[in-house]
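Enquirer: model17.txt is reproduced below (compact mmCIF, C-alpha atoms).
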# COMPACT_ATOMS: atom_id res chain seq x y z
CA MET Q 1 0.00 0.00 0.00
CA THR Q 2 1.34 3.40 -0.95
CA LEU Q 3 1.68 5.87 1.91
CA THR Q 4 -0.38 9.00 1.29
CA ALA Q 5 0.97 12.29 2.63
CA TYR Q 6 -0.88 15.59 3.04
CA LEU Q 7 1.55 18.33 1.98
CA ALA Q 8 0.58 21.20 4.28
CA GLY Q 9 2.31 24.54 4.10
CA PRO Q 10 2.23 28.18 3.10
CA ASP Q 11 3.38 26.99 -0.36
CA VAL Q 12 -0.20 27.57 -1.53
CA PHE Q 13 0.34 31.33 -1.16
CA LEU Q 14 3.47 31.43 -3.36
CA PRO Q 15 3.23 33.08 -6.78
CA GLY Q 16 4.21 29.72 -8.34
CA ALA Q 17 1.92 27.61 -6.15
CA ALA Q 18 0.90 25.20 -8.92
CA GLY Q 19 4.52 24.54 -9.89
CA MET Q 20 5.52 24.10 -6.25
CA ALA Q 21 2.72 21.56 -5.71
CA ALA Q 22 3.86 19.64 -8.80
CA ARG Q 23 7.51 19.63 -7.65
CA LYS Q 24 6.56 18.41 -4.18
CA THR Q 25 4.33 15.60 -5.43
CA ALA Q 26 7.04 14.55 -7.92
CA LEU Q 27 9.61 14.42 -5.10
CA CYS Q 28 7.19 12.33 -3.03
CA ALA Q 29 6.76 9.91 -5.93
CA ALA Q 30 10.54 9.51 -6.13
CA TYR Q 31 10.40 8.26 -2.53
CA GLY Q 32 7.42 5.97 -3.14
CA ILE Q 33 4.91 8.29 -1.45
CA LYS Q 34 1.69 9.68 -2.88
CA GLY Q 35 1.79 13.39 -2.06
CA VAL Q 36 -1.51 15.26 -1.80
CA ALA Q 37 -1.02 19.01 -2.16
CA PRO Q 38 -3.91 21.19 -0.97
CA PHE Q 39 -3.89 23.15 -4.18
CA ASN Q 40 -6.92 23.06 -6.45
CA PRO Q 41 -6.34 24.78 -9.81
CA ASP Q 42 -9.97 24.10 -10.78
CA LEU Q 43 -11.41 26.19 -7.96
CA ASP Q 44 -13.88 28.76 -9.24
CA MET Q 45 -12.38 31.91 -7.76
CA SER Q 46 -15.34 34.01 -8.92
CA GLN Q 47 -17.53 32.60 -6.14
CA PRO Q 48 -18.41 34.92 -3.22
CA PRO Q 49 -15.67 34.86 -0.52
CA GLU Q 50 -18.00 33.29 2.06
CA ILE Q 51 -18.76 30.37 -0.28
CA LEU Q 52 -15.18 30.09 -1.50
CA TRP Q 53 -13.43 29.77 1.86
CA ARG Q 54 -15.89 27.17 3.09
CA ARG Q 55 -15.35 25.22 -0.14
CA ILE Q 56 -11.55 25.32 0.38
CA PHE Q 57 -11.98 24.28 4.03
CA ALA Q 58 -14.21 21.36 3.07
CA ASP Q 59 -11.81 20.29 0.29
CA ASP Q 60 -8.80 20.45 2.63
CA MET Q 61 -10.64 18.45 5.30
CA ALA Q 62 -11.53 15.78 2.74
CA MET Q 63 -7.91 15.61 1.57
CA MET Q 64 -6.66 15.33 5.15
CA ARG Q 65 -9.10 12.51 5.90
CA SER Q 66 -7.84 10.68 2.81
CA CYS Q 67 -4.19 10.88 3.87
CA ASP Q 68 -2.15 8.60 6.15
CA ILE Q 69 0.31 11.22 7.38
CA ILE Q 70 1.08 14.93 7.21
CA ILE Q 71 4.33 16.44 5.96
CA ALA Q 72 4.09 20.05 7.12
CA ASN Q 73 6.17 22.94 5.86
CA LEU Q 74 6.75 24.68 9.18
CA THR Q 75 9.06 27.37 7.83
CA PRO Q 76 8.14 30.58 9.68
CA PHE Q 77 5.53 32.58 7.82
CA ARG Q 78 4.68 36.22 8.64
CA GLY Q 79 5.79 36.04 12.25
CA PRO Q 80 7.97 33.85 14.45
CA SER Q 81 5.85 30.71 13.91
CA ALA Q 82 4.65 28.56 11.05
CA ASP Q 83 1.59 29.42 8.94
CA ALA Q 84 -1.65 29.36 10.96
CA GLY Q 85 -3.53 27.05 8.60
CA THR Q 86 -0.63 24.61 8.54
CA LEU Q 87 -0.60 24.54 12.37
CA VAL Q 88 -4.32 23.72 12.57
CA GLU Q 89 -3.76 20.95 10.01
CA LEU Q 90 -0.77 19.61 11.96
CA GLY Q 91 -2.96 19.51 15.08
CA TRP Q 92 -5.70 17.76 13.12
CA PHE Q 93 -3.37 14.88 12.24
CA LEU Q 94 -2.15 14.68 15.84
CA GLY Q 95 -5.74 14.60 17.11
CA ALA Q 96 -6.72 12.02 14.49
CA GLY Q 97 -3.83 9.80 15.64
CA LYS Q 98 -2.03 9.98 12.29
CA PRO Q 99 1.78 10.41 12.12
CA CYS Q 100 3.09 13.97 11.84
CA TRP Q 101 6.24 14.93 9.95
CA GLY Q 102 7.51 18.39 9.29
CA TYR Q 103 10.41 20.56 8.28
CA SER Q 104 11.52 24.16 8.44
CA ASN Q 105 13.92 26.01 6.18
CA SER Q 106 14.86 28.32 9.04
CA ALA Q 107 17.85 27.64 11.27
CA VAL Q 108 17.00 30.53 13.61
CA PRO Q 109 15.59 29.38 16.98
CA PHE Q 110 12.00 30.28 17.87
CA ALA Q 111 13.04 32.45 20.83
CA ALA Q 112 15.33 34.60 18.65
CA ARG Q 113 12.59 34.97 16.03
CA SER Q 114 10.09 35.89 18.76
CA ARG Q 115 12.42 38.61 20.06
CA ALA Q 116 12.90 39.97 16.51
CA GLN Q 117 9.11 40.08 16.12
CA ILE Q 118 8.74 41.99 19.40
CA ALA Q 119 11.40 44.46 18.25
CA ALA Q 120 9.50 45.04 14.96
CA GLN Q 121 5.99 44.99 16.49
CA PRO Q 122 6.02 45.40 20.27
CA ASP Q 123 3.90 43.11 22.45
CA PRO Q 124 0.59 44.61 23.64
CA LEU Q 125 1.77 44.42 27.28
CA PRO Q 126 5.16 44.43 28.97
CA GLY Q 127 6.47 41.20 30.48
CA ILE Q 128 4.84 38.64 28.19
CA GLN Q 129 7.08 35.60 28.31
CA VAL Q 130 9.15 34.41 25.34
CA GLU Q 131 9.02 30.60 25.19
CA ASP Q 132 12.65 29.54 25.14
CA PHE Q 133 13.38 25.83 25.22
CA GLY Q 134 15.91 26.05 22.38
CA LEU Q 135 13.26 24.78 19.95
CA ALA Q 136 12.44 25.73 16.36
CA ASP Q 137 8.83 26.74 17.18
CA ASN Q 138 6.29 26.56 20.01
CA LEU Q 139 6.68 23.31 21.97
CA MET Q 140 3.30 22.01 20.71
CA VAL Q 141 4.76 22.04 17.19
CA GLU Q 142 7.89 20.05 18.00
CA GLY Q 143 5.96 17.81 20.38
CA ALA Q 144 3.56 16.86 17.59
CA MET Q 145 6.35 15.44 15.43
CA ASP Q 146 6.90 11.76 14.94
CA GLY Q 147 10.46 11.93 13.71
CA SER Q 148 12.30 15.06 14.79
CA LEU Q 149 11.34 18.30 13.09
CA VAL Q 150 13.68 18.43 10.09
CA LEU Q 151 15.93 21.52 10.17
CA PRO Q 152 19.01 22.60 8.21
CA PRO Q 153 21.65 20.19 9.59
CA ASP Q 154 24.42 22.72 8.98
CA GLY Q 155 22.62 25.50 10.89
CA ILE Q 156 22.27 27.63 7.75
CA SER Q 157 18.76 28.78 6.83
CA ARG Q 158 17.57 27.83 3.35
CA PRO Q 159 15.58 30.17 1.08
CA PHE Q 160 11.86 30.24 1.83
CA GLU Q 161 10.98 28.33 -1.34
CA SER Q 162 13.77 25.73 -1.09
CA LEU Q 163 12.70 22.07 -1.16
CA GLU Q 164 15.97 20.74 0.25
CA MET Q 165 14.57 20.25 3.78
CA PHE Q 166 11.35 18.80 2.35
CA GLU Q 167 13.44 16.20 0.53
CA LEU Q 168 15.52 15.53 3.66
CA CYS Q 169 12.23 14.95 5.49
CA LEU Q 170 11.15 12.44 2.81
CA ARG Q 171 14.51 10.69 3.14
CA ARG Q 172 14.26 10.38 6.94
CA LEU Q 173 10.63 9.33 6.76
CA THR Q 174 11.27 6.55 4.26
CA ALA Q 175 14.44 5.44 6.07
CA GLY Q 176 12.19 4.50 9.01
CA GLY Q 177 13.12 5.38 12.58
CA GLY Q 178 10.83 5.24 15.58
CA SER Q 179 8.58 7.84 17.09
CA HIS Q 180 9.89 9.79 20.03
CA ARG Q 181 6.67 11.67 20.59
CA PRO Q 182 5.97 11.94 24.30
CA GLN Q 183 2.64 10.28 25.19
CA MET L 1 -22.53 15.62 33.32
CA THR L 2 -20.48 18.81 33.52
CA LEU L 3 -18.95 19.92 30.24
CA THR L 4 -15.16 20.11 30.46
CA ALA L 5 -13.40 22.79 28.41
CA TYR L 6 -9.69 23.05 27.58
CA LEU L 7 -8.80 26.75 27.88
CA ALA L 8 -6.12 27.13 25.20
CA GLY L 9 -4.41 30.44 24.59
CA PRO L 10 -1.33 32.59 24.92
CA ASP L 11 -2.63 33.50 28.42
CA VAL L 12 0.02 31.13 29.81
CA PHE L 13 2.71 33.60 28.70
CA LEU L 14 1.19 36.58 30.53
CA PRO L 15 2.99 37.94 33.60
CA GLY L 16 -0.13 37.15 35.66
CA ALA L 17 -0.72 33.70 34.12
CA ALA L 18 -1.82 32.04 37.38
CA GLY L 19 -4.37 34.78 38.10
CA MET L 20 -5.64 34.67 34.52
CA ALA L 21 -6.12 30.89 34.71
CA ALA L 22 -8.04 31.31 37.98
CA ARG L 23 -10.27 34.05 36.52
CA LYS L 24 -11.04 31.97 33.43
CA THR L 25 -11.91 28.81 35.39
CA ALA L 26 -14.09 30.89 37.76
CA LEU L 27 -15.96 32.39 34.78
CA CYS L 28 -16.44 28.88 33.36
CA ALA L 29 -17.87 27.72 36.69
CA ALA L 30 -20.36 30.59 36.61
CA TYR L 31 -21.64 29.11 33.31
CA GLY L 32 -21.70 25.53 34.63
CA ILE L 33 -18.54 24.49 32.76
CA LYS L 34 -15.39 22.91 34.20
CA GLY L 35 -12.54 24.93 32.72
CA VAL L 36 -9.14 23.25 32.44
CA ALA L 37 -6.35 25.80 32.05
CA PRO L 38 -3.03 24.45 30.75
CA PHE L 39 -1.16 26.15 33.55
CA ASN L 40 0.73 24.08 36.09
CA PRO L 41 2.09 26.13 39.00
CA ASP L 42 3.78 22.99 40.44
CA LEU L 43 6.02 22.47 37.42
CA ASP L 44 9.67 22.13 38.45
CA MET L 45 11.21 24.85 36.27
CA SER L 46 14.75 23.83 37.31
CA GLN L 47 14.59 20.76 35.05
CA PRO L 48 16.70 20.82 31.85
CA PRO L 49 14.79 22.50 28.96
CA GLU L 50 14.65 19.26 26.94
CA ILE L 51 12.93 17.44 29.84
CA LEU L 52 10.76 20.42 30.74
CA TRP L 53 9.16 21.04 27.35
CA ARG L 54 8.35 17.37 26.85
CA ARG L 55 6.78 17.32 30.32
CA ILE L 56 4.61 20.34 29.43
CA PHE L 57 3.65 18.75 26.09
CA ALA L 58 2.68 15.49 27.79
CA ASP L 59 0.69 17.34 30.47
CA ASP L 60 -1.15 19.44 27.86
CA MET L 61 -1.94 16.34 25.80
CA ALA L 62 -3.34 14.59 28.89
CA MET L 63 -5.48 17.65 29.70
CA MET L 64 -6.76 17.84 26.11
CA ARG L 65 -7.70 14.15 26.15
CA SER L 66 -9.62 14.73 29.40
CA CYS L 67 -11.67 17.60 27.96
CA ASP L 68 -14.91 17.55 25.95
CA ILE L 69 -14.35 20.78 24.03
CA ILE L 70 -11.77 23.51 23.45
CA ILE L 71 -12.32 27.22 24.08
CA ALA L 72 -9.37 28.82 22.29
CA ASN L 73 -8.12 32.35 22.82
CA LEU L 74 -7.37 33.18 19.18
CA THR L 75 -6.40 36.80 19.79
CA PRO L 76 -3.45 37.50 17.47
CA PHE L 77 -0.12 36.85 19.18
CA ARG L 78 3.22 38.05 17.79
CA GLY L 79 2.10 38.17 14.19
CA PRO L 80 -1.15 38.31 12.23
CA SER L 81 -2.42 34.95 13.53
CA ALA L 82 -3.18 33.30 16.85
CA ASP L 83 -0.52 31.70 19.04
CA ALA L 84 1.12 28.67 17.39
CA GLY L 85 0.58 26.28 20.30
CA THR L 86 -3.08 27.29 20.52
CA LEU L 87 -3.52 26.58 16.79
CA VAL L 88 -2.04 23.08 17.10
CA GLU L 89 -4.36 22.44 20.05
CA LEU L 90 -7.36 23.75 18.11
CA GLY L 91 -6.47 21.36 15.28
CA TRP L 92 -6.11 18.52 17.80
CA PHE L 93 -9.72 18.96 18.96
CA LEU L 94 -10.92 19.18 15.36
CA GLY L 95 -9.01 16.00 14.47
CA ALA L 96 -10.28 14.24 17.60
CA GLY L 97 -13.86 15.13 16.60
CA LYS L 98 -14.46 17.29 19.67
CA PRO L 99 -16.30 20.65 19.40
CA CYS L 100 -14.16 23.75 18.90
CA TRP L 101 -15.02 27.17 20.25
CA GLY L 102 -12.90 30.27 20.16
CA TYR L 103 -12.73 34.01 20.48
CA SER L 104 -10.47 36.88 19.55
CA ASN L 105 -10.16 40.28 21.20
CA SER L 106 -9.11 41.80 17.87
CA ALA L 107 -11.61 43.44 15.54
CA VAL L 108 -9.00 43.94 12.80
CA PRO L 109 -9.44 41.53 9.84
CA PHE L 110 -6.71 38.96 9.16
CA ALA L 111 -5.84 40.47 5.77
CA ALA L 112 -5.21 43.93 7.29
CA ARG L 113 -3.07 42.40 10.04
CA SER L 114 -1.14 40.39 7.45
CA ARG L 115 -0.42 43.56 5.46
CA ALA L 116 0.74 45.36 8.63
CA GLN L 117 3.06 42.43 9.35
CA ILE L 118 4.51 42.58 5.83
CA ALA L 119 5.08 46.33 6.25
CA ALA L 120 6.96 45.72 9.53
CA GLN L 121 8.81 42.59 8.39
CA PRO L 122 8.76 42.14 4.61
CA ASP L 123 7.92 38.75 3.10
CA PRO L 124 10.94 36.67 1.97
CA LEU L 125 9.77 36.86 -1.65
CA PRO L 126 7.64 39.29 -3.64
CA GLY L 127 4.15 38.26 -4.66
CA ILE L 128 3.23 35.95 -1.79
CA GLN L 129 -0.54 36.05 -1.56
CA VAL L 130 -2.42 37.59 1.36
CA GLU L 131 -5.40 35.38 2.21
CA ASP L 132 -8.37 37.74 2.12
CA PHE L 133 -11.81 36.25 2.66
CA GLY L 134 -12.81 38.93 5.16
CA LEU L 135 -12.09 36.53 8.01
CA ALA L 136 -10.50 37.06 11.43
CA ASP L 137 -7.66 34.57 10.79
CA ASN L 138 -6.61 31.88 8.30
CA LEU L 139 -9.65 30.01 6.93
CA MET L 140 -8.63 26.80 8.70
CA VAL L 141 -9.10 28.63 12.02
CA GLU L 142 -12.60 29.91 11.29
CA GLY L 143 -13.51 26.65 9.56
CA ALA L 144 -12.63 24.69 12.69
CA MET L 145 -15.20 26.55 14.79
CA ASP L 146 -18.46 25.01 15.88
CA GLY L 147 -20.25 28.22 16.72
CA SER L 148 -18.91 31.26 14.93
CA LEU L 149 -15.56 32.60 16.09
CA VAL L 150 -16.52 35.12 18.77
CA LEU L 151 -15.34 38.66 17.93
CA PRO L 152 -16.06 42.12 19.34
CA PRO L 153 -19.69 42.66 18.19
CA ASP L 154 -19.16 46.44 18.05
CA GLY L 155 -16.07 46.18 15.85
CA ILE L 156 -13.82 47.67 18.55
CA SER L 157 -10.78 45.63 19.59
CA ARG L 158 -10.53 44.76 23.28
CA PRO L 159 -7.27 44.89 25.26
CA PHE L 160 -5.13 41.77 24.86
CA GLU L 161 -5.85 40.55 28.41
CA SER L 162 -9.60 41.34 28.38
CA LEU L 163 -11.92 38.44 29.23
CA GLU L 164 -15.03 40.07 27.78
CA MET L 165 -14.96 38.02 24.54
CA PHE L 166 -14.13 34.88 26.52
CA GLU L 167 -17.26 35.44 28.56
CA LEU L 168 -19.32 36.18 25.44
CA CYS L 169 -18.06 32.85 24.07
CA LEU L 170 -19.20 31.08 27.25
CA ARG L 171 -22.59 32.76 26.94
CA ARG L 172 -23.05 31.67 23.30
CA LEU L 173 -21.79 28.18 24.02
CA THR L 174 -24.17 27.61 26.91
CA ALA L 175 -27.08 29.24 25.05
CA GLY L 176 -26.84 26.36 22.57
CA GLY L 177 -27.03 26.93 18.83
CA GLY L 178 -26.10 24.45 16.14
CA SER L 179 -22.84 23.80 14.38
CA HIS L 180 -22.31 25.44 11.02
CA ARG L 181 -18.98 23.79 10.44
CA PRO L 182 -18.67 22.71 6.78
CA GLN L 183 -18.19 18.93 6.55
Would you put the structure from the file into structure tokens?
Expert:
Amino acid sequence: MTLTAYLAGPDVFLPGAAGMAARKTALCAAYGIKGVAPFNPDLDMSQPPEILWRRIFADDMAMMRSCDIIIANLTPFRGPSADAGTLVELGWFLGAGKPCWGYSNSAVPFAARSRAQIAAQPDPLPGIQVEDFGLADNLMVEGAMDGSLVLPPDGISRPFESLEMFELCLRRLTAGGGSHRPQ
Amino acid sequence: MTLTAYLAGPDVFLPGAAGMAARKTALCAAYGIKGVAPFNPDLDMSQPPEILWRRIFADDMAMMRSCDIIIANLTPFRGPSADAGTLVELGWFLGAGKPCWGYSNSAVPFAARSRAQIAAQPDPLPGIQVEDFGLADNLMVEGAMDGSLVLPPDGISRPFESLEMFELCLRRLTAGGGSHRPQ
């Protein structure tokens, strides 16, 4: 049986979203995985926004239900953390008891990114804590992972649109290795 | 049977986190709900970070499993979207098939907040789309809701630490009203 992977990420917002989805599913195929990218080129974008977003939500939910695992692009997106939609989807797989894999192209720790965010857009109150466990994102993100969260092994951030860490994730996933998710 | 609600949110990072947890659980009790705040004052903070974060993750997971529903504080936190940990937890309840409720103290639409973020910290590439369906956060967040996401009804943002929208959420939740979540 072919493993089916939901390819969550902010990739859908990229100018070349269709091409990115095609490259990711082709890479998956090279590793014997069926990648399902939440990108629907046939979506009728002329529908009213209220209809359109519910259609996308329903389509994404159906795709998630059809998949065995998630491979989430957790590269920081407009703030210190990963894309909001991707995080809800990651949680969905965790709650559904399906394995969670993920990667980030950023080598900058979450705490440092949080402090940079505060410098650019100050917190609404003084004294709000910065979570600092030396992790790549909020502890719920790393805790959700089956394998470790895949990060640049050389400590050098990759470009936002790079697929090098995605491929490293596919390599680790298909090489096996047990879960170290705390229960 | 008393309904048990997991009180997710960035409240845990506030300087007065213990007091906030106590106020939220007291408000829940006033509405006949048992609120479970992911705040553990007995946590031994002298443990090594690697042990500590896994302990917190395991504790939060156990609390989530013990709860019937989530009431998520989705007020934007360090960026245009809600707190990352809260979003993973919201997804967990959605994936586990448990009802999801949430509120935000912000009356500013997600698209406007995203544009403000880009102005303060430019996107890594030009042309990355801003999701704009007139929603309060990414469509996966609003889509996850059972009732509607609770927002300031007068269009005026409340202070970050205000519990007015939390209480409005409790009121709507206990008043009943059907799910309009797309399936």
Enquirer: Show me, as a PDB file with C-alpha atoms, in the coordinates of the input, the residues of chain Q whose atoms get within 8 Å of chain L, using all atoms listed in the file for the distance check.
Expert:
ATOM      1  CA  PHE Q  13       0.340  31.330  -1.160  1.00  0.00           C
ATOM      2  CA  LEU Q  14       3.470  31.430  -3.360  1.00  0.00           C
ATOM      3  CA  PRO Q  15       3.230  33.080  -6.780  1.00  0.00           C
ATOM      4  CA  PRO Q  49     -15.670  34.860  -0.520  1.00  0.00           C
ATOM      5  CA  GLU Q  50     -18.000  33.290   2.060  1.00  0.00           C
ATOM      6  CA  TRP Q  53     -13.430  29.770   1.860  1.00  0.00           C
ATOM      7  CA  ARG Q  54     -15.890  27.170   3.090  1.00  0.00           C
ATOM      8  CA  PHE Q  57     -11.980  24.280   4.030  1.00  0.00           C
ATOM      9  CA  ALA Q  58     -14.210  21.360   3.070  1.00  0.00           C
ATOM     10  CA  MET Q  61     -10.640  18.450   5.300  1.00  0.00           C
ATOM     11  CA  ARG Q  78       4.680  36.220   8.640  1.00  0.00           C
ATOM     12  CA  GLY Q  79       5.790  36.040  12.250  1.00  0.00           C
ATOM     13  CA  PRO Q  80       7.970  33.850  14.450  1.00  0.00           C
ATOM     14  CA  SER Q  81       5.850  30.710  13.910  1.00  0.00           C
ATOM     15  CA  ALA Q  82       4.650  28.560  11.050  1.00  0.00           C
ATOM     16  CA  ALA Q  84      -1.650  29.360  10.960  1.00  0.00           C
ATOM     17  CA  GLY Q  85      -3.530  27.050   8.600  1.00  0.00           C
ATOM     18  CA  LEU Q  87      -0.600  24.540  12.370  1.00  0.00           C
ATOM     19  CA  VAL Q  88      -4.320  23.720  12.570  1.00  0.00           C
ATOM     20  CA  GLU Q  89      -3.760  20.950  10.010  1.00  0.00           C
ATOM     21  CA  LEU Q  90      -0.770  19.610  11.960  1.00  0.00           C
ATOM     22  CA  GLY Q  91      -2.960  19.510  15.080  1.00  0.00           C
ATOM     23  CA  TRP Q  92      -5.700  17.760  13.120  1.00  0.00           C
ATOM     24  CA  PHE Q  93      -3.370  14.880  12.240  1.00  0.00           C
ATOM     25  CA  LEU Q  94      -2.150  14.680  15.840  1.00  0.00           C
ATOM     26  CA  GLY Q  95      -5.740  14.600  17.110  1.00  0.00           C
ATOM     27  CA  ALA Q  96      -6.720  12.020  14.490  1.00  0.00           C
ATOM     28  CA  SER Q 114      10.090  35.890  18.760  1.00  0.00           C
ATOM     29  CA  GLN Q 117       9.110  40.080  16.120  1.00  0.00           C
ATOM     30  CA  ILE Q 118       8.740  41.990  19.400  1.00  0.00           C
ATOM     31  CA  ALA Q 120       9.500  45.040  14.960  1.00  0.00           C
ATOM     32  CA  GLN Q 121       5.990  44.990  16.490  1.00  0.00           C
ATOM     33  CA  ASP Q 123       3.900  43.110  22.450  1.00  0.00           C
ATOM     34  CA  PRO Q 124       0.590  44.610  23.640  1.00  0.00           C
ATOM     35  CA  LEU Q 125       1.770  44.420  27.280  1.00  0.00           C
ATOM     36  CA  GLY Q 127       6.470  41.200  30.480  1.00  0.00           C
ATOM     37  CA  ILE Q 128       4.840  38.640  28.190  1.00  0.00           C
ATOM     38  CA  GLN Q 129       7.080  35.600  28.310  1.00  0.00           C
ATOM     39  CA  VAL Q 130       9.150  34.410  25.340  1.00  0.00           C
ATOM     40  CA  GLU Q 131       9.020  30.600  25.190  1.00  0.00           C
ATOM     41  CA  PHE Q 133      13.380  25.830  25.220  1.00  0.00           C
ATOM     42  CA  GLY Q 134      15.910  26.050  22.380  1.00  0.00           C
ATOM     43  CA  ASP Q 137       8.830  26.740  17.180  1.00  0.00           C
ATOM     44  CA  ASN Q 138       6.290  26.560  20.010  1.00  0.00           C
ATOM     45  CA  LEU Q 139       6.680  23.310  21.970  1.00  0.00           C
ATOM     46  CA  MET Q 140       3.300  22.010  20.710  1.00  0.00           C
ATOM     47  CA  VAL Q 141       4.760  22.040  17.190  1.00  0.00           C
ATOM     48  CA  GLY Q 143       5.960  17.810  20.380  1.00  0.00           C
ATOM     49  CA  PHE Q 160      11.860  30.240   1.830  1.00  0.00           C
ATOM     50  CA  PRO Q 182       5.970  11.940  24.300  1.00  0.00           C
ATOM     51  CA  GLN Q 183       2.640  10.280  25.190  1.00  0.00           C
TER      52      GLN Q 183
END
Enquirer: Could you tell me how far CA of Ala29 (chain Q) sits from CA of Leu3 (chain Q), in Å to one decimal place?
Expert: 10.2 Å
Enquirer: Quick check, in Å to one decimal: how far apart do CA of Ala18 (chain Q) and CA of Thr174 (chain Q) lie?
Expert: 25.1 Å
Enquirer: Around region 3-13 of chain L, fit a box with edges along x, y and z, padding it by 3 Å on each side, then list its centre and edge lengths in Å to one decimal as JSON.
Expert:
{"center_x": -8.1, "center_y": 26.8, "center_z": 27.5, "size_x": 27.7, "size_y": 19.7, "size_z": 11.9}
Enquirer: Can you tell me, as a list in words, which residues sit within 12 Å of (9.0, 12.9, -5.5) in the file's frame, using only C-alpha atoms?
Expert: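 Protein and nucleic acid residues near the point are Ala5, Leu7, Met20, Ala21, Ala22, Arg23, Lys24, Thr25, Ala26, Leu27, Cys28, Ala29, Ala30, Tyr31, Gly32, Ile33, Lys34, Gly35, Val36, Leu163, Glu164, Phe166, Glu167, Leu168, Cys169, Leu170, Arg171 and Thr174 of chain Q.
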Enquirer: Quick one: write out the picked residues with C-alpha atoms as a PDB file, in the coordinates of the input?
Expert:
ATOM      1  CA  ALA Q   5       0.970  12.290   2.630  1.00  0.00           C
ATOM      2  CA  LEU Q   7       1.550  18.330   1.980  1.00  0.00           C
ATOM      3  CA  MET Q  20       5.520  24.100  -6.250  1.00  0.00           C
ATOM      4  CA  ALA Q  21       2.720  21.560  -5.710  1.00  0.00           C
ATOM      5  CA  ALA Q  22       3.860  19.640  -8.800  1.00  0.00           C
ATOM      6  CA  ARG Q  23       7.510  19.630  -7.650  1.00  0.00           C
ATOM      7  CA  LYS Q  24       6.560  18.410  -4.180  1.00  0.00           C
ATOM      8  CA  THR Q  25       4.330  15.600  -5.430  1.00  0.00           C
ATOM      9  CA  ALA Q  26       7.040  14.550  -7.920  1.00  0.00           C
ATOM     10  CA  LEU Q  27       9.610  14.420  -5.100  1.00  0.00           C
ATOM     11  CA  CYS Q  28       7.190  12.330  -3.030  1.00  0.00           C
ATOM     12  CA  ALA Q  29       6.760   9.910  -5.930  1.00  0.00           C
ATOM     13  CA  ALA Q  30      10.540   9.510  -6.130  1.00  0.00           C
ATOM     14  CA  TYR Q  31      10.400   8.260  -2.530  1.00  0.00           C
ATOM     15  CA  GLY Q  32       7.420   5.970  -3.140  1.00  0.00           C
ATOM     16  CA  ILE Q  33       4.910   8.290  -1.450  1.00  0.00           C
ATOM     17  CA  LYS Q  34       1.690   9.680  -2.880  1.00  0.00           C
ATOM     18  CA  GLY Q  35       1.790  13.390  -2.060  1.00  0.00           C
ATOM     19  CA  VAL Q  36      -1.510  15.260  -1.800  1.00  0.00           C
ATOM     20  CA  LEU Q 163      12.700  22.070  -1.160  1.00  0.00           C
ATOM     21  CA  GLU Q 164      15.970  20.740   0.250  1.00  0.00           C
ATOM     22  CA  PHE Q 166      11.350  18.800   2.350  1.00  0.00           C
ATOM     23  CA  GLU Q 167      13.440  16.200   0.530  1.00  0.00           C
ATOM     24  CA  LEU Q 168      15.520  15.530   3.660  1.00  0.00           C
ATOM     25  CA  CYS Q 169      12.230  14.950   5.490  1.00  0.00           C
ATOM     26  CA  LEU Q 170      11.150  12.440   2.810  1.00  0.00           C
ATOM     27  CA  ARG Q 171      14.510  10.690   3.140  1.00  0.00           C
ATOM     28  CA  THR Q 174      11.270   6.550   4.260  1.00  0.00           C
TER      29      THR Q 174
END
Enquirer: Which value, in Å to one decimal, gives the distance between CA of Ser162 (chain L) and CA of Ser104 (chain L)?
Expert: 9.9 Å
Enquirer: Here is a test: counting all atoms listed in the file, which residue of L:Pro76, L:Pro38, L:Gly9, L:Gly102 is nearest to Val150 (chain L)?
Expert: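 Checking each candidate against Val150 (chain L), we get L:Gly102 as the closest.
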Enquirer: Just checking: using all atoms listed in the file, which residue out of L:Pro152, L:Gly147, L:Pro41, L:Pro99 ends up closest to Thr75 (chain L)?
Expert: L:Pro152
